[in-house]
Each structure stands twice: as structure tokens, then as C-alpha cells.
file protein.txt (compact mmCIF, C-alpha atoms and all ligand atoms)
# COMPACT_ATOMS: atom_id res chain seq x y z
CA MET A 1 -45.42 36.50 -66.46
CA VAL A 2 -46.68 37.91 -69.71
CA GLU A 3 -49.17 40.68 -70.28
CA PHE A 4 -51.03 40.94 -73.58
CA THR A 5 -52.65 44.11 -74.88
CA VAL A 6 -54.52 44.35 -78.17
CA GLN A 7 -53.83 47.81 -79.61
CA GLN A 8 -55.46 47.83 -83.04
CA THR A 9 -57.71 45.52 -84.99
CA CYS A 10 -58.56 45.17 -88.68
CA GLY A 11 -61.35 42.61 -89.11
CA LYS A 12 -60.24 39.69 -86.93
CA ALA A 13 -56.55 40.62 -87.30
CA ARG A 14 -54.94 42.35 -84.34
CA ALA A 15 -51.76 44.31 -83.65
CA SER A 16 -50.81 43.77 -80.03
CA VAL A 17 -48.04 44.02 -77.46
CA LEU A 18 -46.84 41.03 -75.46
CA ARG A 19 -44.89 42.10 -72.38
CA THR A 20 -42.43 39.59 -70.92
CA ALA A 21 -39.73 39.69 -68.26
CA HIS A 22 -37.22 40.00 -71.11
CA GLY A 23 -38.87 42.82 -73.00
CA GLU A 24 -41.84 43.68 -75.18
CA VAL A 25 -42.83 41.91 -78.37
CA ALA A 26 -44.99 43.58 -81.01
CA THR A 27 -47.35 41.03 -82.57
CA PRO A 28 -48.05 39.49 -85.06
CA VAL A 29 -44.58 38.08 -84.52
CA PHE A 30 -42.49 35.40 -86.20
CA MET A 31 -40.14 33.39 -83.97
CA PRO A 32 -37.16 31.65 -85.59
CA CYS A 33 -36.22 28.20 -84.27
CA GLY A 34 -33.23 27.97 -81.99
CA THR A 35 -33.72 24.23 -81.72
CA ALA A 36 -30.69 23.27 -79.64
CA GLY A 37 -30.27 26.67 -77.97
CA THR A 38 -28.89 28.46 -81.03
CA VAL A 39 -30.46 29.81 -84.19
CA LYS A 40 -28.19 27.89 -86.55
CA GLY A 41 -25.30 29.84 -88.02
CA VAL A 42 -25.87 33.26 -86.46
CA THR A 43 -24.80 34.90 -83.20
CA SER A 44 -27.31 36.58 -80.91
CA ALA A 45 -25.86 39.96 -81.90
CA GLN A 46 -26.54 39.18 -85.57
CA LEU A 47 -29.98 37.91 -84.61
CA ARG A 48 -30.80 41.15 -82.82
CA GLU A 49 -29.71 43.16 -85.87
CA THR A 50 -32.15 41.26 -88.12
CA GLY A 51 -35.07 42.61 -86.08
CA VAL A 52 -35.95 39.22 -84.52
CA GLN A 53 -37.94 39.91 -81.34
CA MET A 54 -38.35 36.48 -79.79
CA VAL A 55 -36.88 33.01 -80.39
CA LEU A 56 -38.10 29.46 -79.88
CA ALA A 57 -36.01 26.65 -78.39
CA ASN A 58 -36.88 22.96 -78.13
CA ALA A 59 -37.22 21.40 -74.68
CA TYR A 60 -36.97 17.94 -76.25
CA HIS A 61 -33.53 18.56 -77.75
CA LEU A 62 -32.20 20.44 -74.72
CA MET A 63 -33.42 17.86 -72.17
CA LEU A 64 -31.55 15.14 -74.09
CA ARG A 65 -28.44 17.24 -74.72
CA PRO A 66 -26.90 18.96 -72.76
CA GLY A 67 -29.69 18.25 -70.21
CA ALA A 68 -31.98 20.74 -68.43
CA GLU A 69 -29.84 20.66 -65.26
CA VAL A 70 -26.72 21.63 -67.27
CA VAL A 71 -28.59 24.57 -68.87
CA ALA A 72 -29.83 25.59 -65.39
CA ALA A 73 -26.26 25.40 -64.02
CA LEU A 74 -25.16 27.76 -66.82
CA GLY A 75 -27.73 30.29 -65.58
CA GLY A 76 -30.60 29.24 -67.88
CA LEU A 77 -31.25 29.41 -71.59
CA HIS A 78 -30.92 33.21 -71.87
CA ARG A 79 -27.37 33.03 -70.51
CA MET A 80 -26.45 29.94 -72.49
CA MET A 81 -27.62 31.53 -75.77
CA ALA A 82 -26.33 35.01 -74.88
CA TRP A 83 -29.82 36.23 -75.83
CA ASP A 84 -31.48 38.66 -73.45
CA GLY A 85 -34.76 38.90 -75.38
CA PRO A 86 -37.88 36.78 -74.88
CA ILE A 87 -37.69 33.00 -75.44
CA LEU A 88 -40.44 30.40 -75.85
CA THR A 89 -39.73 26.70 -75.32
CA ASP A 90 -41.94 24.02 -76.76
CA SER A 91 -42.79 21.11 -74.49
CA GLY A 92 -41.13 18.33 -76.45
CA GLY A 93 -44.45 16.72 -77.34
CA TYR A 94 -44.17 17.34 -81.05
CA GLN A 95 -40.61 15.96 -81.25
CA VAL A 96 -41.47 12.90 -79.13
CA PHE A 97 -44.19 12.06 -81.61
CA SER A 98 -42.17 12.88 -84.73
CA LEU A 99 -38.53 11.99 -83.89
CA ALA A 100 -38.32 9.52 -81.04
CA GLN A 101 -38.14 5.80 -81.57
CA ARG A 102 -40.09 3.11 -79.70
CA ARG A 103 -42.55 5.41 -78.06
CA THR A 104 -45.11 4.19 -75.53
CA VAL A 105 -47.95 6.51 -74.61
CA CYS A 106 -50.19 5.99 -71.63
CA ASP A 107 -52.36 8.31 -69.58
CA ASP A 108 -49.48 9.10 -67.25
CA GLY A 109 -47.15 10.31 -70.03
CA VAL A 110 -44.87 9.06 -72.75
CA THR A 111 -41.73 6.92 -72.63
CA PHE A 112 -39.43 7.01 -75.62
CA GLN A 113 -35.97 6.12 -76.84
CA SER A 114 -33.68 9.09 -77.40
CA HIS A 115 -32.82 9.55 -81.09
CA ILE A 116 -29.28 10.46 -79.96
CA ASP A 117 -28.16 7.46 -77.91
CA GLY A 118 -31.17 5.16 -77.61
CA ALA A 119 -31.56 5.80 -73.86
CA ALA A 120 -35.07 5.36 -72.43
CA VAL A 121 -36.56 8.73 -71.41
CA GLU A 122 -39.80 9.44 -69.60
CA LEU A 123 -41.81 12.59 -70.26
CA THR A 124 -44.87 13.31 -68.12
CA PRO A 125 -46.70 16.64 -67.79
CA GLU A 126 -44.88 17.20 -64.48
CA ILE A 127 -41.42 16.41 -65.95
CA CYS A 128 -42.19 18.61 -68.96
CA ILE A 129 -42.88 21.61 -66.66
CA ASP A 130 -39.85 20.81 -64.50
CA VAL A 131 -37.59 20.76 -67.60
CA GLN A 132 -38.99 24.04 -68.96
CA VAL A 133 -38.77 25.78 -65.59
CA ARG A 134 -35.09 24.82 -65.44
CA LEU A 135 -34.50 26.08 -68.99
CA GLY A 136 -36.09 29.37 -67.91
CA ALA A 137 -37.91 30.54 -71.06
CA ASP A 138 -40.49 33.34 -70.80
CA ILE A 139 -43.25 31.23 -72.33
CA ILE A 140 -43.51 27.47 -71.79
CA MET A 141 -45.86 24.99 -73.43
CA GLN A 142 -48.00 22.18 -72.06
CA LEU A 143 -47.19 18.57 -72.98
CA ASP A 144 -49.61 17.40 -75.65
CA GLU A 145 -50.10 14.29 -77.73
CA CYS A 146 -49.69 14.99 -81.43
CA PRO A 147 -51.26 12.23 -83.52
CA PRO A 148 -49.96 11.82 -87.10
CA GLY A 149 -51.83 13.58 -89.91
CA ASP A 150 -53.39 10.30 -91.11
CA ALA A 151 -54.59 9.21 -87.62
CA SER A 152 -58.12 7.83 -87.31
CA ARG A 153 -60.84 9.99 -85.80
CA GLN A 154 -60.86 7.68 -82.79
CA ASP A 155 -57.12 8.21 -82.21
CA VAL A 156 -57.46 11.99 -82.62
CA ALA A 157 -60.34 12.01 -80.10
CA ALA A 158 -58.22 10.04 -77.61
CA ALA A 159 -55.31 12.47 -78.13
CA VAL A 160 -57.63 15.46 -77.53
CA ARG A 161 -58.81 14.04 -74.21
CA ARG A 162 -55.34 13.00 -73.11
CA SER A 163 -53.85 16.38 -74.09
CA ALA A 164 -56.56 18.19 -72.10
CA ASP A 165 -55.85 16.02 -69.04
CA TRP A 166 -52.14 16.72 -69.45
CA ALA A 167 -52.86 20.47 -69.74
CA ALA A 168 -54.59 20.37 -66.34
CA ARG A 169 -51.65 18.49 -64.82
CA CYS A 170 -49.15 20.94 -66.39
CA ARG A 171 -51.15 23.81 -64.92
CA LYS A 172 -51.02 22.24 -61.45
CA ALA A 173 -47.23 21.61 -61.69
CA TRP A 174 -46.71 25.17 -63.00
CA GLU A 175 -48.76 26.60 -60.11
CA ASP A 176 -46.70 24.58 -57.62
CA PHE A 177 -43.48 26.05 -59.05
CA GLY A 178 -45.04 29.52 -58.87
CA ARG A 179 -45.75 29.01 -55.17
CA LEU A 180 -42.18 27.80 -54.60
CA ALA A 181 -40.82 30.91 -56.31
CA HIS A 182 -42.91 33.06 -53.87
CA SER A 183 -43.04 35.91 -56.36
CA GLY A 184 -45.59 34.08 -58.51
CA HIS A 185 -44.89 32.74 -61.99
CA PRO A 186 -41.87 34.11 -63.80
CA GLN A 187 -43.02 32.09 -66.81
CA ALA A 188 -46.29 31.96 -68.70
CA LEU A 189 -47.82 28.56 -69.53
CA PHE A 190 -49.67 28.15 -72.84
CA GLY A 191 -52.20 25.41 -73.57
CA ILE A 192 -52.39 23.68 -76.96
CA GLN A 193 -55.56 23.03 -78.94
CA GLN A 194 -55.58 19.73 -80.84
CA GLY A 195 -58.25 17.88 -82.80
CA GLY A 196 -56.78 17.51 -86.29
CA VAL A 197 -59.22 18.36 -89.07
CA HIS A 198 -62.32 17.46 -87.01
CA ALA A 199 -64.22 20.65 -86.17
CA ASP A 200 -66.12 19.13 -83.23
CA LEU A 201 -62.94 17.70 -81.67
CA ARG A 202 -61.13 21.03 -82.09
CA ALA A 203 -64.08 22.73 -80.37
CA GLU A 204 -63.99 20.20 -77.52
CA SER A 205 -60.23 20.66 -77.16
CA ALA A 206 -60.55 24.47 -77.12
CA LYS A 207 -63.33 24.33 -74.52
CA ARG A 208 -61.30 22.14 -72.17
CA ILE A 209 -58.03 24.11 -72.33
CA VAL A 210 -59.74 27.51 -72.21
CA ALA A 211 -61.48 26.36 -68.99
CA LEU A 212 -57.99 26.23 -67.43
CA ASP A 213 -57.66 30.04 -67.81
CA LEU A 214 -54.07 29.98 -69.09
CA PRO A 215 -52.03 33.07 -70.12
CA GLY A 216 -52.06 32.05 -73.80
CA TYR A 217 -53.14 29.36 -76.24
CA ALA A 218 -51.57 27.59 -79.18
CA ILE A 219 -53.10 25.89 -82.17
CA GLY A 220 -51.43 22.54 -82.80
CA GLY A 221 -51.78 19.95 -85.51
CA LEU A 222 -52.90 22.32 -88.25
CA SER A 223 -50.57 22.94 -91.14
CA VAL A 224 -50.85 25.13 -94.20
CA GLY A 225 -53.92 27.20 -94.68
CA GLU A 226 -56.43 24.66 -93.37
CA GLY A 227 -59.03 25.48 -90.78
CA HIS A 228 -58.03 29.06 -90.03
CA ASP A 229 -61.68 29.88 -89.34
CA ARG A 230 -61.65 27.46 -86.42
CA MET A 231 -58.98 29.39 -84.56
CA VAL A 232 -61.31 32.03 -83.25
CA GLN A 233 -62.54 29.56 -80.62
CA LEU A 234 -59.63 30.77 -78.52
CA PRO A 235 -60.21 33.80 -76.25
CA ALA A 236 -59.66 37.25 -77.78
CA ASP A 237 -57.83 38.65 -74.76
CA ARG A 238 -55.01 36.04 -74.87
CA PRO A 239 -52.19 35.58 -77.38
CA ARG A 240 -52.92 32.94 -80.04
CA TYR A 241 -49.96 31.00 -81.38
CA LEU A 242 -50.10 28.87 -84.55
CA MET A 243 -47.34 26.30 -84.16
CA GLY A 244 -45.02 25.35 -87.02
CA VAL A 245 -46.46 27.65 -89.70
CA GLY A 246 -44.14 30.00 -91.58
CA GLU A 247 -45.04 30.30 -95.27
CA PRO A 248 -45.63 34.06 -95.74
CA ARG A 249 -48.96 33.33 -97.47
CA ASP A 250 -50.11 31.11 -94.56
CA ILE A 251 -49.01 33.73 -92.03
CA LEU A 252 -51.20 36.30 -93.83
CA ALA A 253 -54.23 33.97 -93.81
CA ALA A 254 -53.78 33.11 -90.14
CA VAL A 255 -53.26 36.74 -89.07
CA ALA A 256 -56.53 37.59 -90.85
CA SER A 257 -58.19 34.92 -88.65
CA GLY A 258 -56.78 36.44 -85.46
CA VAL A 259 -53.46 34.62 -84.88
CA ASP A 260 -50.62 36.55 -83.20
CA MET A 261 -47.56 34.28 -83.03
CA PHE A 262 -45.76 31.96 -85.44
CA ASP A 263 -42.67 29.76 -85.54
CA CYS A 264 -41.14 27.71 -88.33
CA VAL A 265 -37.80 26.33 -89.50
CA LEU A 266 -38.50 27.66 -93.02
CA PRO A 267 -36.37 30.86 -93.14
CA THR A 268 -33.32 29.28 -91.47
CA ARG A 269 -33.50 25.81 -93.06
CA ASN A 270 -34.07 27.26 -96.53
CA ALA A 271 -31.20 29.71 -95.97
CA ARG A 272 -28.86 26.78 -95.40
CA ASN A 273 -29.98 25.48 -98.80
CA ALA A 274 -29.17 28.84 -100.48
CA GLN A 275 -32.82 29.85 -100.80
CA ALA A 276 -33.62 33.51 -100.07
CA PHE A 277 -37.07 34.95 -99.36
CA THR A 278 -37.91 38.27 -101.03
CA TRP A 279 -41.01 40.40 -101.58
CA THR A 280 -41.08 39.08 -105.15
CA GLY A 281 -40.64 35.40 -104.37
CA ARG A 282 -37.75 33.07 -103.57
CA LEU A 283 -34.27 33.13 -105.08
CA ARG A 284 -32.10 30.04 -105.44
CA LEU A 285 -28.66 31.55 -105.03
CA ARG A 286 -26.77 28.52 -106.36
CA ASN A 287 -28.32 29.26 -109.75
CA ALA A 288 -25.77 29.92 -112.53
CA ALA A 289 -27.68 33.10 -113.43
CA PHE A 290 -26.06 34.74 -110.39
CA THR A 291 -22.44 33.90 -111.36
CA ARG A 292 -21.54 37.56 -112.09
CA ASP A 293 -24.51 39.25 -110.41
CA CYS A 294 -23.29 42.37 -108.60
CA GLY A 295 -26.62 43.20 -106.96
CA PRO A 296 -27.67 42.42 -103.38
CA ILE A 297 -30.06 39.54 -102.61
CA GLU A 298 -32.85 42.14 -102.53
CA ASP A 299 -32.72 45.84 -103.41
CA GLY A 300 -33.70 48.01 -100.47
CA CYS A 301 -33.13 45.31 -97.85
CA PRO A 302 -31.27 46.85 -94.89
CA CYS A 303 -29.67 43.56 -93.74
CA TYR A 304 -25.93 43.04 -93.30
CA ALA A 305 -25.79 40.57 -96.22
CA CYS A 306 -27.56 42.92 -98.65
CA ARG A 307 -25.53 45.95 -97.55
CA ASN A 308 -22.21 44.19 -98.12
CA PHE A 309 -22.32 41.17 -100.43
CA PRO A 310 -23.26 40.73 -104.08
CA ARG A 311 -25.30 37.67 -105.06
CA ALA A 312 -22.27 36.35 -106.99
CA ALA A 313 -20.16 36.24 -103.82
CA ILE A 314 -22.89 34.44 -101.87
CA ARG A 315 -23.29 31.93 -104.72
CA HIS A 316 -19.53 31.34 -104.67
CA TYR A 317 -19.57 30.71 -100.88
CA PHE A 318 -22.29 28.09 -101.28
CA LEU A 319 -20.50 26.32 -104.16
CA SER A 320 -17.27 26.36 -102.11
CA GLU A 321 -19.15 25.14 -99.02
CA GLU A 322 -17.99 28.13 -97.00
CA MET A 323 -19.81 28.71 -93.68
CA LEU A 324 -20.43 32.34 -94.56
CA GLY A 325 -22.96 31.46 -97.28
CA PRO A 326 -25.60 29.96 -94.91
CA THR A 327 -24.88 32.70 -92.34
CA LEU A 328 -25.49 35.54 -94.83
CA VAL A 329 -28.70 34.06 -96.23
CA THR A 330 -29.98 33.28 -92.70
CA ILE A 331 -29.40 36.94 -91.78
CA HIS A 332 -31.26 38.05 -94.91
CA ASN A 333 -34.20 35.63 -94.46
CA LEU A 334 -34.71 36.53 -90.79
CA THR A 335 -34.58 40.22 -91.74
CA PHE A 336 -37.19 39.53 -94.42
CA PHE A 337 -39.54 37.82 -91.91
CA ALA A 338 -39.06 40.66 -89.40
CA ARG A 339 -39.84 43.27 -92.09
CA PHE A 340 -42.79 41.22 -93.36
CA THR A 341 -44.43 40.96 -89.91
CA ALA A 342 -43.68 44.65 -89.24
CA ALA A 343 -45.47 45.53 -92.50
CA ILE A 344 -48.43 43.36 -91.41
CA ARG A 345 -48.63 45.25 -88.09
CA GLN A 346 -48.54 48.60 -89.95
CA ALA A 347 -51.28 47.44 -92.34
CA ILE A 348 -53.47 46.38 -89.38
CA ALA A 349 -52.90 49.77 -87.72
CA ALA A 350 -53.83 51.52 -90.99
CA GLY A 351 -56.95 49.35 -91.38
CA ASP A 352 -55.58 48.27 -94.74
CA LEU A 353 -54.62 44.60 -94.26
CA PRO A 354 -56.87 42.87 -96.86
CA ARG A 355 -55.67 45.11 -99.72
CA ARG A 356 -52.00 44.93 -98.70
CA ALA A 357 -52.19 41.13 -98.18
CA GLU A 358 -53.54 40.71 -101.69
CA GLN A 359 -50.69 42.82 -103.14
CA TRP A 360 -48.02 40.92 -101.20
CA SER A 361 -49.44 37.52 -102.12
CA ALA A 362 -49.57 38.46 -105.81
CA GLY A 363 -45.96 39.73 -105.67
CA MET A 364 -44.59 36.64 -103.94
CA VAL A 365 -45.66 34.20 -106.68
ZN ZN B 401 -31.14 41.30 -97.07
call {"tool": "encode", "arguments": {"input": "protein.txt", "output": "C-alpha cells", "more": "lines below"}}
Ligand SMILES: [Zn+2]
result
Amino acid sequence: MVEFTVQQTCGKARASVLRTAHGEVATPVFMPCGTAGTVKGVTSAQLRETGVQMVLANAYHLMLRPGAEVVAALGGLHRMMAWDGPILTDSGGYQVFSLAQRRTVCDDGVTFQSHIDGAAVELTPEICIDVQVRLGADIIMQLDECPPGDASRQDVAAAVRRSADWAARCRKAWEDFGRLAHSGHPQALFGIQQGGVHADLRAESAKRIVALDLPGYAIGGLSVGEGHDRMVQLPADRPRYLMGVGEPRDILAAVASGVDMFDCVLPTRNARNAQAFTWTGRLRLRNAAFTRDCGPIEDGCPCYACRNFPRAAIRHYFLSEEMLGPTLVTIHNLTFFARFTAAIRQAIAAGDLPRRAEQWSAGMV
């Protein structure tokens, strides 16, 4: 299971250590998305070199293809990905509600049509735990219902109650697997707070999942910058994970409110579109201004791309549709996010986060 120790605080921000069966993670941490069991375009060795500590994979995608039993037969997700560091899998809830077609939700669970081949698939809290146990990640997530951003208050309230019921059923299924394993839980189950923009519903959701005494808690259904003050309803002695947020500015705001973990497709997806993150803002490397530019993506960056390739070469690879272009910018962007979160941890330890956050935000315009 995981063990979480807060080491330093600066206001509500904390620098902590999350211990897992696959190593320690210093938080605040950013997890890149390895959606289908690979962080697109980079090997695990390259990933390790960027300073990435922990990756996220999607149970939804893996249960549909190649199937949880195939991943289990390969020795689990760590073996399949050739990644021996910590992994978190999401439950599939978010993808069911955003990607799947012809979805039917009832109190028992959700039935949907696979976006790959149209097959009917059932996902209940029990199946969701079974799938994630087979995948073998270090942290697994409860099944939750994610209503769309424009859902009525009534629908959000129903989703809060259903998600809390599902959390209790996930906990029971997770405990049963722990008993079967004899040695207790090799995996840690996180609950997910829902409630949209409604403060009272978020409070109700937090109260119900915190009552389950889970090893960690996630904040779902909140995007950029909104409602960070509401996150402190989650217990201080457990890791707090803000799902799907990755804008550096939003990470800073959420860390200041006491969040420890983040994931987002931003650094990898933008890399595939030739967009590089730097301490002074984003660069679009297809831009003609870089045609003869001999400099690295960012001066002082220790990544493989910046040590070896001028901007002009990377621009050329993108224009020629060479695979190396997305690979190099992915390596750079993941290195940037690792350095950014490391700098946040140092600022927390130095008691200097508000001043440093202001400087970074001003620089990244
Ligand atoms: Zn770099």
C-alpha cells in the first residue's frame, strides 16, 4: 500500500513523500498520461531520464484493448510498460462519460458501447476494481459518475450520491481482494470527490468519501483554477490528487490550496503539436523564426533534446513529419514539468512559495 508523510508546509502547500511498492514519490508531483500503457512516443528509459516519478494509465482503454486479462498474463502493467516506477490507473469513469457511445447509467453501474468496436461493455464498481487489480497499478481509483460541465444541479446531486455509493462498493471489493491476497492490499484505493461547482454538494461528497477512510482522495470535475479553496475539505494526512489539471499556473494555484498530485495530457499532447513549455512561456517550434535557430529549445535545460538538437533541426523534423520531432519535444516538456514541480517542492521547503509562484507566473506569460 502507500504511505504518505508530509515533510514541510508553506501556508496550505505541502512537500511530502508518497511511498509505494515501486518506490518513493516526492510531491507535489505531476504524472504524465500513459493512456494505453505507454507515454506516447517515448520509451520508459527516456521517461526515467526526464525525471518523471510516476505515470498514469487508463483502465478504460486497457480493459477494451488489449483487455485486463491480457495485461495480467503479461505480468501486469509494470512489466507490459517496462516501467518499474509507481503507476496510477484511473477507473474508467471519466472516459465512459466522455468517450463511450450509448451509455446507460443505473445504480448498479454503467453499460456502454466501446468506441473501438461498438461492443456492449458493463462497468460496475466491482468490475472496475477487478480490472484495476489485474492491471496491477500502485494506486487505483474508485468508479465515479462524471456529469458534464453543463449538467443541472439535480443531475450533479444524483451523481454525487451515486458516486459515493459506488465508492463504498469499490472499497468492499478492494477489501475482498486484499483478504484474498493474504498479505493485505498491494494497491491503494483513492476516492473521488464530485459535486461540480456547487459548494454544498462538494461538501456532501467529501463527507461521504472521507467517511470510508481511504488511503487517498481525488478532486474530480473541477477544471482550471475554479474552486481551489474547496479542496481543503479533504483530510490533511492523505494525498490529495486534482484530476486532469496541468497548466503550470493552475498547478501553482492548486498546490497553494494543498493539492499534492496532478495529471494531464497537456505536456505530451502539446509536444506532438510542436509546442514546447519553457520558464518564459510556450514556443511553437514550427514557426519560421526557428528555421536557422542554432539554440536549444531552452537554455539551461538538461534534457536530451536540449543537450543535442538545435531548434532548427526540431522544426525540420516536424515539417518533414519525422517521428523524432514529437519524441524530442515530449522529452523536453516532461523534463520541464519535472523541473517545475521540483522547484515548487524546493520553494515550499524554503518557505518561499508565494514569492516564487508570482515570479514564475509573470515569466510564463
Ligand atoms: Zn529541454
call {"tool": "closest_atom_pairs", "arguments": {"input": "protein.txt", "of": "range 189-268 of chain A", "to": "range 158-176 of chain A", "cutoff": "6 Å", "atoms": "all atoms listed in the file", "output": "CSV"}}
result
residue,atom,partner,partner_atom,distance
A:Gln194,CA,A:Val160,CA,5.8
A:Gly195,CA,A:Val160,CA,5.8
A:Ser205,CA,A:Val160,CA,5.8
call {"tool": "closest_atom_pairs", "arguments": {"input": "protein.txt", "of": "chain A", "to": "ligand ZN 401 (chain B)", "cutoff": "6 Å", "atoms": "all atoms listed in the file", "output": "CSV"}}
result
residue,atom,partner,partner_atom,distance
A:Ile297,CA,B:ZN401,ZN,5.9
A:Glu298,CA,B:ZN401,ZN,5.8
A:Cys301,CA,B:ZN401,ZN,4.5
A:Pro302,CA,B:ZN401,ZN,6.0
A:Cys303,CA,B:ZN401,ZN,4.3
A:Ala305,CA,B:ZN401,ZN,5.5
A:Cys306,CA,B:ZN401,ZN,4.2
A:His332,CA,B:ZN401,ZN,3.9
call {"tool": "residues_around", "arguments": {"input": "protein.txt", "residues": "His22 in chain A", "least_positions_apart": "2", "cutoff": "7 Å", "atoms": "only C-alpha atoms", "output": "PyMOL selection string"}}
result
chain A and resi 20+84-86
call {"tool": "closest_residue", "arguments": {"input": "protein.txt", "among": "A:Asn273, A:Thr278, A:Gln359, A:Thr268", "to": "Gly41 in chain A", "atoms": "all atoms listed in the file"}}
result
A:Thr268
call {"tool": "atom_distance", "arguments": {"input": "protein.txt", "atom1": "CA of Pro148 in chain A", "atom2": "CA of Arg103 in chain A"}}
result
13.3 Å
call {"tool": "residues_around", "arguments": {"input": "protein.txt", "residues": "Ala57 in chain A", "least_positions_apart": "2", "cutoff": "6 Å", "atoms": "all atoms listed in the file", "output": "number ranges by chain"}}
result
A: 34-35, 37, 89
call {"tool": "write_last_selection", "arguments": {"input": "protein.txt", "atoms": "C-alpha atoms", "output": "PDB file, keeping the file's coordinate frame"}}
result
ATOM      1  CA  GLY A  34     -33.230  27.970 -81.990  1.00  0.00           C
ATOM      2  CA  THR A  35     -33.720  24.230 -81.720  1.00  0.00           C
ATOM      3  CA  GLY A  37     -30.270  26.670 -77.970  1.00  0.00           C
ATOM      4  CA  THR A  89     -39.730  26.700 -75.320  1.00  0.00           C
TER       5      THR A  89
END
call {"tool": "atom_distance", "arguments": {"input": "protein.txt", "atom1": "CA of Phe112 in chain A", "atom2": "CA of Arg79 in chain A"}}
result
29.1 Å
call {"tool": "atom_distance", "arguments": {"input": "protein.txt", "atom1": "CA of Gln154 in chain A", "atom2": "CA of Ile140 in chain A"}}
result
28.5 Å
call {"tool": "residues_around", "arguments": {"input": "protein.txt", "residues": "Ala347 in chain A", "least_positions_apart": "6", "cutoff": "9 Å", "atoms": "all atoms listed in the file", "output": "ChimeraX atom specification"}}
result
/A:10,353-357
call {"tool": "closest_residue", "arguments": {"input": "protein.txt", "among": "A:Val131, A:Met323, A:Leu189, A:Met81", "to": "Ala36 in chain A", "atoms": "all atoms listed in the file"}}
result
A:Met81
call {"tool": "closest_residue", "arguments": {"input": "protein.txt", "among": "A:Ala343, A:Leu47, A:Leu252, A:Cys264", "to": "Ala13 in chain A", "atoms": "all atoms listed in the file"}}
result
A:Leu252
call {"tool": "closest_residue", "arguments": {"input": "protein.txt", "among": "A:Thr43, A:Ser114, A:Gly216, A:Val55", "to": "Ala82 in chain A", "atoms": "all atoms listed in the file"}}
result
A:Thr43
call {"tool": "residues_near_point", "arguments": {"input": "protein.txt", "point": "(-27.8, 38.6, -92.9)", "cutoff": "8 Å", "atoms": "all atoms listed in the file", "output": "ChimeraX atom specification"}}
result
/A:46,50,303-306,327-335
call {"tool": "residues_around", "arguments": {"input": "protein.txt", "residues": "range 280-294 of chain A", "least_positions_apart": "6", "cutoff": "9 Å", "atoms": "all atoms listed in the file", "output": "MDAnalysis selection string"}}
result
chainID A and resid 273:274 309:316 318:319 360 362:365
call {"tool": "residues_around", "arguments": {"input": "protein.txt", "residues": "Phe337 in chain A", "least_positions_apart": "3", "cutoff": "10 Å", "atoms": "all atoms listed in the file", "output": "ChimeraX atom specification"}}
result
/A:29-32,50-52,246-248,267,277-278,332-334,340-343
call {"tool": "closest_residue", "arguments": {"input": "protein.txt", "among": "A:Gly109, A:Val265, A:Ser361, A:Cys128", "to": "Ala253 in chain A", "atoms": "all atoms listed in the file"}}
result
A:Ser361
